[in-house]
Structures are given as structure tokens and as C-alpha cells.
Amino acid sequence: MSREAYDHGYTRSTRHHRPAGGDCAAPELDKLAELVRGAGSVVALTGAGISVPSGIPDFRSPGSGLWEKVDPMAVAHIEAFRADPVRFWRFYGERFATLEGKLPNGAHQALVALEHGGLLDGVITQNVDMLHRKAGTRELVEVHGSIARCQCLGCGGSLPLGEARARLARATDGVPRCEACHHPLKPGVVLFGELLPEAVLERAQQLCAGADLLLCIASSLEVFPVAGLPLLTEAAGGEIAILTQGPTPLDGLARVRLSGDVVDELQALACAVGM
Ligand SMILES: [Zn+2]
């Protein structure tokens with residue numbers, strides 16, 4: 001996103017100075033800013049909710065489209081991909097279309113500002129939409145992969161999203177295929193039924209275990225193994241802050257709990273710590 005767009009959001013947050021959600025959020029925000037300033041290592045863990053202001057629906061929110069019409073476990077499952085790639089791509093092509101052209105929002109940008117200011121060591125995300133990347137996050141761990149590339153499970157080849165989209169558009173049966181071996185291509189995301197890549201999960205675990213403060217942002221913290229990451233921070237003596245609308249199973253562990261607008265809250269935090 002352009003500097004201009006970030007500046008716009010920044011000005012908005014400076015003007016209001018406090019996040020939406022009323023005065024009760026202010027002491028929590030002050031406490032969070034103090035924790036960030038005092039921590040040697042701060043790490044963010046983000047979920048689907050951070051991309052909602054960019055126009056990407058969270059499939060768990062009622063009435064939000066794509067995933068409501070299908071059972072993701074039945075369609076976006078590795079066995080469903082293997083058994084019926086035509087059906088899989090009928091669904092996943094729609095997901096590609098939903099994600100096309102989407103831009104990072106002020107919440108992504110606030111995390112970039114914290115990282116550039118030396119106050120954030122990295123972002124671990126469950127999202128596959130590439131928005132943290134587009135925003136400019138440098139230390140990024142995409143635990144569920146991303147749509148940036150598609151893979152061939154036949155020969156191990158891979159190709160970038162743009163080429164995969166072009167093949168999808170050209171495919172007579174709606175299935176983009178590998179040019180070398182003609183196997184159907186698979187999006188570079190972790191499907192249901194697949195394990196998270198070991199090295200990626202290890203990096204996420206390492207960051208969380210080393211964090212003095214873990215910011216859990218816009219995630220319901222219900223999907224394992226990611227949902228277990230805050231417990232590593234807690235076990236190592238670090239603090240957990242949860243900035244998420246709706247309850248999470250880890251609310252009882254949170255030193256700070258915010259549940260307002262994610263863009264307002266993160267921009268207010270960045271502002272409060274001088275970014
Ligand atoms: Zn191949």
C-alpha cells in the first residue's frame with residue numbers, strides 16, 4: 001500500500017487518539033503500550049480478522065459468503081483435491097477471485113511501522129492472502145502457506161500466482177495443470193488434512209517461546225497447532241495480549257484484552273509508542 005494510504009490512516013488515528021470501543025479501551029491500550037515499550041521481544045500472531053477491513057471475509061463470520069455455502073473440510077481438503085480437482089478448483093478459483101487485488105489495511109501497516117521502529121520482531125500469520133507481505137513486513141512466518149505460488153504434487157515444480165491464474169483462466173475443465181507432467185496444480189496453502197511445514201512451524205514456535213510479549217491479533221485462537229503458540233510464550237514467562245473481537249479460549253491468560261476495531265487499535269498502539 002502506498003505511503004499516502006498509510007498516512008491517511010495514521011492521521012485518522014492521531015486525530016481520534018483513542019480506538020473505537022469507548023473509554024474503557026483506553027486504560028487497556030495504555031497498558032499495552034507500556035508492555036510493548038518494556039518488552040525485549042514483541043511478536044504478533046494474526047488471524048483472518050485482520051484482513052476483513054481489506055474486504056476479505058472471515059469464513060467463520062456468519063453471513064460472510066464463500067465458506068458459508070460449502071463445508072471447507074469437504075472441499076478445501078487435500079483428499080478432496082486429490083479425488084476431484086475439478087470440484088476443488090471450482091471452489092478455489094472463486095477464492096482466488098475473492099483475494100485478487102486486495103490491499104493491506106491500516107492494521108497491517110501499523111505492524112510494519114512497529115517492526116521498522118524496532119518494536120516488533122516478527123509477524124506469524126494464519127492468513128494466506130499475502131497482505132502482510134504486500135504491506136512490507138520483513139520477518140513474516142506464514143504458517144498456513146500463501147497463495148503466492150502453486151505447487152505440482154506430481155513433479156515438485158511450482159509457479160507464481162499470476163501464471164497459475166492464467167492457466168486457470170485457460171483451462172477447459174477449470175483445473176490449472178503443470179506443464180511438465182500435467183498434474184493438477186495445488187495452491188501453496190496448507191489444506192485441511194495437511195500438516196504444517198515443519199520448518200515454518202518451528203520458526204513460529206521459536207519466535208513465540210522467545211517473546212516477552214505476544215500480540216494475538218484478530219484470531220479466534222481455535223485452530224491448532226497455531227492456537228497452542230501463545231502457550232509457549234506463557235510457559236516461557238512472557239505476556240499475552242489479545243486484540244480480537246469475540247471470545248477466545250485463551251482470554252483468561254491475557255494481560256491485556258481489547259475487542260474493538262483492529263485498525264483503530266493497532267494504529268492507536270503504534271501512535272502511543274511513538275511510531
Ligand atoms: Zn509437475
# chains A, B, ... in the order shown; residues from 1 in each chain; ligands from 1

call {"tool": "select_by_dssp", "arguments": {"residues": "region 10-226 of chain A", "states": "strand (DSSP E or B)", "output": "JSON, numbers by chain"}}
result
{"A": [42, 43, 44, 45, 46, 77, 122, 123, 124, 125, 140, 141, 142, 145, 146, 147, 148, 149, 150, 151, 152, 158, 159, 160, 177, 184, 185, 186, 187, 188, 189, 192, 213, 214, 215, 216, 217]}

call {"tool": "residues_around", "arguments": {"residues": "Pro184 (chain A)", "least_positions_apart": "5", "cutoff": "9 Å", "atoms": "only C-alpha atoms", "output": "list of chain:residue names"}}
result
A:Phe81, A:Arg82, A:Pro85, A:Gln151, A:Cys152, A:Leu153, A:Gly154, A:Val175, A:Pro176, A:Arg177, A:Cys178

call {"tool": "closest_residue", "arguments": {"among": "A:Gln205, A:Thr244, A:Ser158, A:Asn105", "to": "ligand 1", "atoms": "only C-alpha atoms and all ligand atoms"}}
result
A:Ser158

call {"tool": "residues_around", "arguments": {"residues": "Gly238 (chain A)", "least_positions_apart": "3", "cutoff": "6 Å", "atoms": "only C-alpha atoms", "output": "ChimeraX atom specification"}}
result
/A:212-213,233-234

call {"tool": "write_last_selection", "arguments": {"atoms": "C-alpha atoms", "output": "PDB file, in the first residue's frame"}}
result
ATOM      1  CA  ASP A 212       8.324 -11.218  26.158  1.00  0.00           C
ATOM      2  CA  LEU A 213       5.019 -10.122  24.683  1.00  0.00           C
ATOM      3  CA  THR A 233       5.049 -17.586  25.299  1.00  0.00           C
ATOM      4  CA  GLU A 234       3.204 -18.045  28.572  1.00  0.00           C
TER       5      GLU A 234
END

call {"tool": "select_by_dssp", "arguments": {"residues": "region 145-209 of chain A", "states": "helix (DSSP H, G or I)", "output": "list in words"}}
result
Leu161, Gly162, Glu163, Ala164, Arg165, Ala166, Arg167, Leu168, Ala169, Arg170, Glu198, Ala199, Val200, Leu201, Glu202, Arg203, Ala204, Gln205, Gln206, Leu207, Cys208 and Ala209 of chain A

call {"tool": "closest_residue", "arguments": {"among": "A:Ala270, A:Met73, A:Ala107, A:Cys155", "to": "ligand 1", "atoms": "only C-alpha atoms and all ligand atoms"}}
result
A:Cys155

call {"tool": "closest_residue", "arguments": {"among": "A:His144, A:Arg95, A:Arg90, A:Lys31", "to": "Pro57 (chain A)", "atoms": "only C-alpha atoms"}}
result
A:Arg95

call {"tool": "closest_residue", "arguments": {"among": "A:Ile242, A:Ala235, A:Cys181, A:Ile217", "to": "ligand 1", "atoms": "only C-alpha atoms and all ligand atoms"}}
result
A:Cys181
